[in-house]
There are 2 protein chains.
Amino acid sequence: MTAQVLPLDDRLPRYQQLRDLFAAAVADGRWRPGEAIPPEDSLAEQHGVAVGTVRKALAVLVTEGMLERRQGRGTFVRRGNFGNALARFFRMTDAKGRPMRPVSRILSRKVLPADAEVAEHLGVADGAPIIALTRLRLVDGAPLLFEEVHLPRDPFAALLDLPFAEFGDLLYPLYETACGRVVASARETIRFGQPPAAAAAELGIDAGVPTAIIDRIAFGFDQAPLEFRRSYGPAERFSYSIDIR
Amino acid sequence: MTAQVLPLDDRLPRYQQLRDLFAAAVADGRWRPGEAIPPEDSLAEQHGVAVGTVRKALAVLVTEGMLERRQGRGTFVRRGNFGNALARFFRMTDAKGRPMRPVSRILSRKVLPADAEVAEHLGVADGAPIIALTRLRLVDGAPLLFEEVHLPRDPFAALLDLPFAEFGDLLYPLYETACGRVVASARETIRFGQPPAAAAAELGIDAGVPTAIIDRIAFGFDQAPLEFRRSYGPAERFSYSIDIR
DNA sequence: TTCCTCTAGTCCTATAGAGGAATAGAGGTT
DNA sequence: AACCTCTATTCCTCTATAGGACTAGAGGAA
């Protein structure tokens, strides 16, 4: 969480040590999303290695998705691709396979102690303070998804003061701009069951209607969990598409 | 389909041309799954480039999943990871999140003309000959999934003579050993709906029971579709887990 | 304004080579 | 048998360097 004194491991190859060093620079905000990092030759000089070694370290971070290189321009810390975020994470498509673009409305915001399940998913202590949001996502004015979002309180405390109207339709850009956290990957689990009463009410369906339940844990560049989210939607409207490897 | 005369593009960097060359060697069977390819220095000499250039080409193919390098041993054409195939493609987990290991039984095998949907997914002409398999996958003796598998006939003709008992529990190893085709990636789409009568009958459920429907297109190393599969399973028993990016 | 040229900065391609690390196998020792 | 040592083979790390390609911006020409 806090910027660590570098636990560099001398047994690792230098390019791996550099990778860790650079990743830490991104993680603790010295290199910021959207900005260019120093050019490769100056990094090489700075760390007393050959340019090729720096290039190799940067190549690792590029394949890990943390950096992005543009010939002639520089090397940039990747910002969450919010143009693509829907395509990457919100893979609900309509009957014709087109991605749907939901509008979002925050319904509630509370600080609660984490229950056992949320604590495990977020990797925090049982009972640790959690921000719990509920929100509704609508397409063409019709409610499509009811979501319960859980965030560790401290890193996301900035969200506690934000008026609901300013949350916008996507949370990940907000995590970046308001809290400096970038979502780099996620794990989703889909199953099928019945919605809790609150979800059914907001969705305007009977509690007995078959419902798709999607659990998602979102991770930062350091693979630490940032968010746990559970989403409910009517099963007949649901279609989920994914490319594997 | 047939081995092409190399359409090497001189405008591409040499390492990309080499990549294409090496990929073609795998695709047309000169380099075979599980076997080692020539060492990097001999490839370099053979093609008149520096070793570093060969290494770069091979690195691309490693990240694409076609090759695998082992220090001190060599560079190998990757074989479908059948130990991991379940983990990679068959992501149904039980209520506790453990992957389930189904047993398979082939129910039927026919050669049919492709209908419009199958033809599109497989990238073949409408009405082209297709091998259509149905099979049942069981866990602990109970039917869990009913599957309709569609394959282009000619590349998979070897399956037409194989007794059902010799199909085994997984098809992908069979595609490799019997037909020389390796599944490298796949796209899945999940939705919920109602099963066709045949599926409901084999699964022992009512036709009205909510059912998970998974469509999968499996691709070879060259991104060409190899198989189209549609699977049906009772929704309450279903849970699907996926890592994103 | 619009277009062109030039330049500085940056990443990309490619080469060459030295030394290290991991593996497999041969052969010897206990 | 079990273990060790030695060697050949192979991939890995790292250095050093040269020229090319792409971008952005400054300045001048039409």
# chains A, B, ... in the order shown; residues from 1 in each chain; ligands from 1
>>> closest_atom_pairs(of="chain C", to="stretch 17-30 of chain D", cutoff="12 Å", atoms="only C-alpha atoms (C1' of nucleotides)", output="CSV")
residue,atom,partner,partner_atom,distance
C:DT1,C1',D:DA30,C1',10.3
C:DT2,C1',D:DA30,C1',8.5
C:DC3,C1',D:DA30,C1',7.8
C:DC4,C1',D:DA29,C1',7.6
C:DT5,C1',D:DG28,C1',8.3
C:DC6,C1',D:DG27,C1',8.6
C:DT7,C1',D:DA26,C1',8.7
C:DA8,C1',D:DG25,C1',9.5
C:DG9,C1',D:DT23,C1',8.8
C:DT10,C1',D:DT23,C1',8.4
C:DC11,C1',D:DC22,C1',8.2
C:DC12,C1',D:DA21,C1',7.2
C:DT13,C1',D:DG20,C1',7.5
C:DA14,C1',D:DA18,C1',9.0
C:DT15,C1',D:DT17,C1',8.6
C:DA16,C1',D:DT17,C1',9.4
C:DG17,C1',D:DT17,C1',12.0
>>> residues_around(residues="A:Leu58", least_positions_apart="6", cutoff="10 Å", atoms="only C-alpha atoms (C1' of nucleotides)", output="PyMOL selection string")
chain A and resi 15-16+18-19+22-23+40+52+64+66-69+75
>>> write_last_selection(atoms="all heavy atoms", output="short mmCIF file (atom, residue, chain, number, x, y, z; two decimals), in the first residue's frame")
data_model
loop_
_atom_site.label_atom_id
_atom_site.label_comp_id
_atom_site.auth_asym_id
_atom_site.auth_seq_id
_atom_site.Cartn_x
_atom_site.Cartn_y
_atom_site.Cartn_z
N TYR A 15 17.23 -6.98 -15.89
CA TYR A 15 16.06 -6.41 -16.55
C TYR A 15 14.81 -6.63 -15.71
O TYR A 15 13.91 -5.82 -15.70
CB TYR A 15 15.93 -6.96 -17.98
CG TYR A 15 15.35 -8.34 -18.09
CD1 TYR A 15 13.99 -8.54 -18.23
CD2 TYR A 15 16.17 -9.47 -18.06
CE1 TYR A 15 13.46 -9.80 -18.36
CE2 TYR A 15 15.65 -10.74 -18.18
CZ TYR A 15 14.30 -10.90 -18.33
OH TYR A 15 13.78 -12.16 -18.44
N GLN A 16 14.83 -7.72 -14.93
CA GLN A 16 13.69 -7.94 -14.03
C GLN A 16 13.72 -6.96 -12.87
O GLN A 16 12.69 -6.46 -12.43
CB GLN A 16 13.70 -9.38 -13.50
CG GLN A 16 13.36 -10.43 -14.52
CD GLN A 16 11.88 -10.47 -14.87
OE1 GLN A 16 11.09 -9.63 -14.44
NE2 GLN A 16 11.50 -11.44 -15.69
N LEU A 18 14.90 -4.01 -13.03
CA LEU A 18 14.45 -2.75 -13.60
C LEU A 18 12.94 -2.74 -13.76
O LEU A 18 12.27 -1.76 -13.47
CB LEU A 18 15.10 -2.51 -14.96
CG LEU A 18 16.58 -2.12 -14.94
CD1 LEU A 18 17.12 -2.04 -16.35
CD2 LEU A 18 16.76 -0.79 -14.24
N ARG A 19 12.42 -3.86 -14.22
CA ARG A 19 10.97 -3.96 -14.36
C ARG A 19 10.30 -3.61 -13.05
O ARG A 19 9.36 -2.84 -12.99
CB ARG A 19 10.56 -5.37 -14.79
CG ARG A 19 9.06 -5.49 -15.12
CD ARG A 19 8.47 -6.78 -14.59
NE ARG A 19 8.12 -6.62 -13.19
CZ ARG A 19 6.90 -6.38 -12.72
NH1 ARG A 19 5.88 -6.31 -13.53
NH2 ARG A 19 6.68 -6.22 -11.43
N PHE A 22 10.59 0.09 -12.26
CA PHE A 22 9.70 0.92 -13.08
C PHE A 22 8.25 0.71 -12.65
O PHE A 22 7.48 1.67 -12.57
CB PHE A 22 9.86 0.58 -14.56
CG PHE A 22 11.25 0.82 -15.11
CD1 PHE A 22 11.69 0.18 -16.25
CD2 PHE A 22 12.12 1.71 -14.47
CE1 PHE A 22 12.95 0.41 -16.76
CE2 PHE A 22 13.40 1.94 -14.97
CZ PHE A 22 13.82 1.28 -16.12
N ALA A 23 7.90 -0.54 -12.38
CA ALA A 23 6.53 -0.81 -11.94
C ALA A 23 6.24 -0.06 -10.65
O ALA A 23 5.14 0.49 -10.46
CB ALA A 23 6.32 -2.31 -11.75
N GLU A 40 14.54 5.98 -23.14
CA GLU A 40 15.28 4.77 -22.77
C GLU A 40 16.76 5.02 -22.54
O GLU A 40 17.36 4.44 -21.65
CB GLU A 40 15.05 3.68 -23.82
CG GLU A 40 15.23 4.12 -25.25
CD GLU A 40 14.82 3.04 -26.25
OE1 GLU A 40 14.03 2.14 -25.88
OE2 GLU A 40 15.30 3.08 -27.38
N GLY A 52 19.79 -1.81 -24.26
CA GLY A 52 19.07 -3.05 -24.55
C GLY A 52 18.42 -3.64 -23.31
O GLY A 52 17.34 -4.22 -23.38
N GLU A 64 2.71 -6.62 -20.06
CA GLU A 64 1.88 -6.68 -18.87
C GLU A 64 0.78 -5.62 -18.89
O GLU A 64 -0.06 -5.59 -18.00
CB GLU A 64 2.73 -6.51 -17.60
CG GLU A 64 3.59 -7.72 -17.31
CD GLU A 64 4.48 -7.52 -16.10
OE1 GLU A 64 4.35 -6.48 -15.41
OE2 GLU A 64 5.31 -8.39 -15.83
N MET A 66 1.13 -2.32 -18.57
CA MET A 66 1.30 -1.14 -17.75
C MET A 66 1.81 0.04 -18.57
O MET A 66 1.46 1.18 -18.29
CB MET A 66 2.28 -1.45 -16.61
CG MET A 66 2.47 -0.28 -15.67
SD MET A 66 3.66 -0.65 -14.36
CE MET A 66 2.68 -1.68 -13.28
N LEU A 67 2.63 -0.24 -19.56
CA LEU A 67 3.19 0.83 -20.39
C LEU A 67 2.77 0.65 -21.84
O LEU A 67 2.29 -0.41 -22.24
CB LEU A 67 4.72 0.82 -20.31
CG LEU A 67 5.34 1.05 -18.94
CD1 LEU A 67 6.85 0.98 -19.03
CD2 LEU A 67 4.90 2.38 -18.36
N GLU A 68 3.04 1.68 -22.58
CA GLU A 68 2.68 1.71 -23.99
C GLU A 68 3.78 2.51 -24.67
O GLU A 68 4.15 3.57 -24.19
CB GLU A 68 1.35 2.47 -24.09
CG GLU A 68 0.61 2.31 -25.34
CD GLU A 68 -0.81 2.90 -25.15
OE1 GLU A 68 -1.07 3.52 -24.11
OE2 GLU A 68 -1.61 2.73 -26.06
N ARG A 69 4.31 2.00 -25.77
CA ARG A 69 5.40 2.72 -26.43
C ARG A 69 4.91 3.21 -27.78
O ARG A 69 4.20 2.51 -28.50
CB ARG A 69 6.61 1.81 -26.63
CG ARG A 69 6.92 0.95 -25.42
CD ARG A 69 8.32 0.41 -25.47
NE ARG A 69 9.25 1.50 -25.16
CZ ARG A 69 10.56 1.43 -25.31
NH1 ARG A 69 11.10 0.34 -25.80
NH2 ARG A 69 11.32 2.45 -24.99
N THR A 75 7.52 6.68 -24.30
CA THR A 75 6.94 5.56 -23.58
C THR A 75 6.00 6.13 -22.53
O THR A 75 6.38 7.00 -21.75
CB THR A 75 8.04 4.73 -22.91
OG1 THR A 75 8.94 4.27 -23.91
CG2 THR A 75 7.45 3.52 -22.19
#
>>> closest_atom_pairs(of="chain A", to="chain B", cutoff="8 Å", atoms="only C-alpha atoms", output="CSV")
residue,atom,partner,partner_atom,distance
A:Arg88,CA,B:Ile244,CA,7.5
A:Phe89,CA,B:Ile244,CA,7.4
A:Ala184,CA,B:Arg245,CA,7.6
A:Ser185,CA,B:Arg245,CA,5.3
A:Ala186,CA,B:Ile244,CA,5.2
A:Arg187,CA,B:Asp243,CA,4.3
A:Glu188,CA,B:Ile242,CA,5.3
A:Thr189,CA,B:Ser241,CA,4.1
A:Ile190,CA,B:Tyr240,CA,5.0
A:Arg191,CA,B:Ser239,CA,4.5
A:Phe192,CA,B:Glu236,CA,5.9
A:Gly193,CA,B:Glu236,CA,6.4
A:Pro210,CA,B:Pro210,CA,7.5
A:Ala235,CA,B:Phe192,CA,5.9
A:Glu236,CA,B:Phe192,CA,6.1
A:Phe238,CA,B:Arg191,CA,5.8
A:Ser239,CA,B:Arg191,CA,4.5
A:Tyr240,CA,B:Ile190,CA,5.0
A:Ser241,CA,B:Thr189,CA,4.1
A:Ile242,CA,B:Glu188,CA,5.3
A:Asp243,CA,B:Arg187,CA,4.3
A:Ile244,CA,B:Ala186,CA,5.2
A:Arg245,CA,B:Ser185,CA,5.3
>>> select_by_dssp(residues="stretch 154-221 of chain B", states="helix (DSSP H, G or I)", output="list of chain:residue names")
B:Asp154, B:Pro155, B:Phe156, B:Ala157, B:Ala158, B:Leu159, B:Leu160, B:Asp161, B:Phe164, B:Ala165, B:Glu166, B:Leu171, B:Tyr172, B:Pro173, B:Leu174, B:Tyr175, B:Glu176, B:Thr177, B:Ala178, B:Cys179, B:Ala197, B:Ala198, B:Ala199, B:Ala200, B:Ala201, B:Glu202, B:Leu203
>>> interface_residues(of="chain D", to="chain B", cutoff="9 Å", atoms="only C-alpha atoms (C1' of nucleotides)", output="PyMOL selection string")
chain D and resi 9-12
>>> write_last_selection(atoms="all heavy atoms", output="PDB file, in the first residue's frame")
ATOM      1  P    DT D   9      28.329 -30.361 -29.548  1.00  0.00           P
ATOM      2  OP1  DT D   9      28.073 -31.203 -30.725  1.00  0.00           O
ATOM      3  OP2  DT D   9      29.291 -29.227 -29.605  1.00  0.00           O
ATOM      4  O5'  DT D   9      26.941 -29.797 -29.031  1.00  0.00           O
ATOM      5  C5'  DT D   9      25.977 -30.730 -28.577  1.00  0.00           C
ATOM      6  C4'  DT D   9      24.769 -29.996 -28.037  1.00  0.00           C
ATOM      7  O4'  DT D   9      25.055 -29.510 -26.705  1.00  0.00           O
ATOM      8  C3'  DT D   9      24.332 -28.775 -28.855  1.00  0.00           C
ATOM      9  O3'  DT D   9      22.987 -28.977 -29.235  1.00  0.00           O
ATOM     10  C2'  DT D   9      24.511 -27.604 -27.889  1.00  0.00           C
ATOM     11  C1'  DT D   9      24.397 -28.282 -26.537  1.00  0.00           C
ATOM     12  N1   DT D   9      25.068 -27.595 -25.396  1.00  0.00           N
ATOM     13  C2   DT D   9      24.358 -27.414 -24.236  1.00  0.00           C
ATOM     14  O2   DT D   9      23.204 -27.785 -24.104  1.00  0.00           O
ATOM     15  N3   DT D   9      25.044 -26.788 -23.229  1.00  0.00           N
ATOM     16  C4   DT D   9      26.358 -26.337 -23.274  1.00  0.00           C
ATOM     17  O4   DT D   9      26.847 -25.796 -22.307  1.00  0.00           O
ATOM     18  C5   DT D   9      27.037 -26.560 -24.515  1.00  0.00           C
ATOM     19  C7   DT D   9      28.441 -26.109 -24.669  1.00  0.00           C
ATOM     20  C6   DT D   9      26.367 -27.172 -25.509  1.00  0.00           C
ATOM     21  P    DT D  10      22.275 -27.985 -30.268  1.00  0.00           P
ATOM     22  OP1  DT D  10      21.300 -28.802 -31.002  1.00  0.00           O
ATOM     23  OP2  DT D  10      23.312 -27.205 -30.976  1.00  0.00           O
ATOM     24  O5'  DT D  10      21.491 -26.972 -29.342  1.00  0.00           O
ATOM     25  C5'  DT D  10      20.504 -27.473 -28.441  1.00  0.00           C
ATOM     26  C4'  DT D  10      20.139 -26.401 -27.441  1.00  0.00           C
ATOM     27  O4'  DT D  10      21.250 -26.201 -26.548  1.00  0.00           O
ATOM     28  C3'  DT D  10      19.875 -25.029 -28.060  1.00  0.00           C
ATOM     29  O3'  DT D  10      18.479 -24.793 -28.102  1.00  0.00           O
ATOM     30  C2'  DT D  10      20.570 -24.047 -27.128  1.00  0.00           C
ATOM     31  C1'  DT D  10      21.120 -24.912 -26.018  1.00  0.00           C
ATOM     32  N1   DT D  10      22.457 -24.466 -25.543  1.00  0.00           N
ATOM     33  C2   DT D  10      22.583 -24.101 -24.238  1.00  0.00           C
ATOM     34  O2   DT D  10      21.675 -24.143 -23.442  1.00  0.00           O
ATOM     35  N3   DT D  10      23.841 -23.679 -23.882  1.00  0.00           N
ATOM     36  C4   DT D  10      24.949 -23.593 -24.701  1.00  0.00           C
ATOM     37  O4   DT D  10      26.027 -23.197 -24.264  1.00  0.00           O
ATOM     38  C5   DT D  10      24.743 -23.996 -26.056  1.00  0.00           C
ATOM     39  C7   DT D  10      25.885 -23.943 -27.032  1.00  0.00           C
ATOM     40  C6   DT D  10      23.521 -24.403 -26.414  1.00  0.00           C
ATOM     41  P    DC D  11      17.949 -23.419 -28.739  1.00  0.00           P
ATOM     42  OP1  DC D  11      16.648 -23.725 -29.335  1.00  0.00           O
ATOM     43  OP2  DC D  11      19.008 -22.796 -29.541  1.00  0.00           O
ATOM     44  O5'  DC D  11      17.731 -22.518 -27.447  1.00  0.00           O
ATOM     45  C5'  DC D  11      16.850 -22.977 -26.433  1.00  0.00           C
ATOM     46  C4'  DC D  11      17.068 -22.168 -25.165  1.00  0.00           C
ATOM     47  O4'  DC D  11      18.469 -22.210 -24.813  1.00  0.00           O
ATOM     48  C3'  DC D  11      16.706 -20.685 -25.282  1.00  0.00           C
ATOM     49  O3'  DC D  11      15.956 -20.319 -24.121  1.00  0.00           O
ATOM     50  C2'  DC D  11      18.047 -19.986 -25.339  1.00  0.00           C
ATOM     51  C1'  DC D  11      18.900 -20.916 -24.474  1.00  0.00           C
ATOM     52  N1   DC D  11      20.349 -20.796 -24.770  1.00  0.00           N
ATOM     53  C2   DC D  11      21.243 -20.526 -23.737  1.00  0.00           C
ATOM     54  O2   DC D  11      20.804 -20.399 -22.594  1.00  0.00           O
ATOM     55  N3   DC D  11      22.567 -20.402 -24.028  1.00  0.00           N
ATOM     56  C4   DC D  11      22.998 -20.545 -25.274  1.00  0.00           C
ATOM     57  N4   DC D  11      24.310 -20.424 -25.502  1.00  0.00           N
ATOM     58  C5   DC D  11      22.092 -20.828 -26.348  1.00  0.00           C
ATOM     59  C6   DC D  11      20.792 -20.946 -26.056  1.00  0.00           C
ATOM     60  P    DC D  12      15.544 -18.786 -23.893  1.00  0.00           P
ATOM     61  OP1  DC D  12      14.316 -18.846 -23.089  1.00  0.00           O
ATOM     62  OP2  DC D  12      15.589 -18.038 -25.155  1.00  0.00           O
ATOM     63  O5'  DC D  12      16.720 -18.225 -22.963  1.00  0.00           O
ATOM     64  C5'  DC D  12      16.844 -18.711 -21.643  1.00  0.00           C
ATOM     65  C4'  DC D  12      17.684 -17.755 -20.819  1.00  0.00           C
ATOM     66  O4'  DC D  12      19.061 -17.829 -21.255  1.00  0.00           O
ATOM     67  C3'  DC D  12      17.278 -16.287 -20.940  1.00  0.00           C
ATOM     68  O3'  DC D  12      17.219 -15.754 -19.632  1.00  0.00           O
ATOM     69  C2'  DC D  12      18.372 -15.648 -21.791  1.00  0.00           C
ATOM     70  C1'  DC D  12      19.577 -16.536 -21.477  1.00  0.00           C
ATOM     71  N1   DC D  12      20.579 -16.666 -22.578  1.00  0.00           N
ATOM     72  C2   DC D  12      21.901 -16.299 -22.359  1.00  0.00           C
ATOM     73  O2   DC D  12      22.206 -15.857 -21.248  1.00  0.00           O
ATOM     74  N3   DC D  12      22.802 -16.430 -23.358  1.00  0.00           N
ATOM     75  C4   DC D  12      22.434 -16.924 -24.537  1.00  0.00           C
ATOM     76  N4   DC D  12      23.353 -17.042 -25.492  1.00  0.00           N
ATOM     77  C5   DC D  12      21.080 -17.316 -24.786  1.00  0.00           C
ATOM     78  C6   DC D  12      20.189 -17.171 -23.789  1.00  0.00           C
TER      79       DC D  12
END
>>> select_by_dssp(residues="stretch 71-212 of chain A", states="strand (DSSP E or B)", output="PyMOL selection string")
chain A and resi 74-77+92-93+99+103-113+129-139+142-152+185-193+211-212
>>> residues_around(residues="stretch 34-38 of chain A", least_positions_apart="2", cutoff="6 Å", atoms="only C-alpha atoms (C1' of nucleotides)", output="CSV table (one decimal) with N, CA and C atoms, in the first residue's frame")
chain,number,residue,atom,x,y,z
A,32,ARG,N,3.0,8.9,-13.9
A,32,ARG,CA,1.6,9.0,-13.9
A,32,ARG,C,0.9,8.5,-15.2
A,75,THR,N,7.5,6.7,-24.3
A,75,THR,CA,6.9,5.6,-23.6
A,75,THR,C,6.0,6.1,-22.5
A,76,PHE,N,4.8,5.7,-22.5
A,76,PHE,CA,3.7,6.3,-21.7
A,76,PHE,C,3.2,5.3,-20.7
A,77,VAL,N,2.8,5.8,-19.6
A,77,VAL,CA,2.0,4.9,-18.6
A,77,VAL,C,0.6,4.8,-19.1
A,78,ARG,N,0.2,3.6,-19.3
A,78,ARG,CA,-1.1,3.4,-19.9
A,78,ARG,C,-2.2,3.9,-19.0
A,79,ARG,N,-3.1,4.6,-19.5
A,79,ARG,CA,-4.3,4.9,-18.7
A,79,ARG,C,-5.4,3.8,-19.0
>>> closest_residue(among="A:Val149, A:Ala158, A:Val139, A:Ala59", to="chain C", atoms="only C-alpha atoms (C1' of nucleotides)")
A:Ala59
>>> atom_distance(atom1="atom CA of B:Asp169", atom2="atom CA of B:Ser104")
4.7 Å
>>> residues_around(residues="C:DG27", least_positions_apart="4", cutoff="12 Å", atoms="only C-alpha atoms (C1' of nucleotides)", output="PyMOL selection string")
chain D and resi 4-7
>>> write_last_selection(atoms="N, CA and C atoms (P, O5', C5', C4', C3', O3' and C1' of nucleotides)", output="compact mmCIF listing (two decimals), in the first residue's frame")
# COMPACT_ATOMS: atom_id res chain seq x y z
P DC D 4 26.29 -36.97 -5.10
O5' DC D 4 27.54 -36.87 -6.06
C5' DC D 4 28.78 -37.42 -5.65
C4' DC D 4 29.76 -37.32 -6.79
C3' DC D 4 29.83 -35.92 -7.41
O3' DC D 4 31.12 -35.37 -7.18
C1' DC D 4 29.63 -37.64 -9.09
P DT D 5 31.42 -33.87 -7.66
O5' DT D 5 32.03 -34.11 -9.10
C5' DT D 5 32.99 -35.15 -9.29
C4' DT D 5 33.44 -35.18 -10.73
C3' DT D 5 33.63 -33.80 -11.36
O3' DT D 5 34.78 -33.85 -12.18
C1' DT D 5 32.12 -35.06 -12.65
P DC D 6 35.45 -32.49 -12.72
O5' DC D 6 35.23 -32.65 -14.29
C5' DC D 6 35.57 -33.89 -14.92
C4' DC D 6 34.94 -33.93 -16.29
C3' DC D 6 35.01 -32.60 -17.06
O3' DC D 6 35.68 -32.83 -18.28
C1' DC D 6 32.81 -33.52 -17.10
P DT D 7 35.98 -31.62 -19.23
O5' DT D 7 34.84 -31.79 -20.33
C5' DT D 7 34.58 -33.09 -20.85
C4' DT D 7 33.44 -33.00 -21.85
C3' DT D 7 33.43 -31.71 -22.67
O3' DT D 7 33.18 -32.05 -24.02
C1' DT D 7 31.34 -31.99 -21.61
>>> closest_residue(among="A:Ala199, A:Val51, A:Val124, A:Leu138", to="chain C", atoms="only C-alpha atoms (C1' of nucleotides)")
A:Val51
>>> atom_distance(atom1="atom CA of B:Gly180", atom2="atom CA of B:Phe228")
17.4 Å
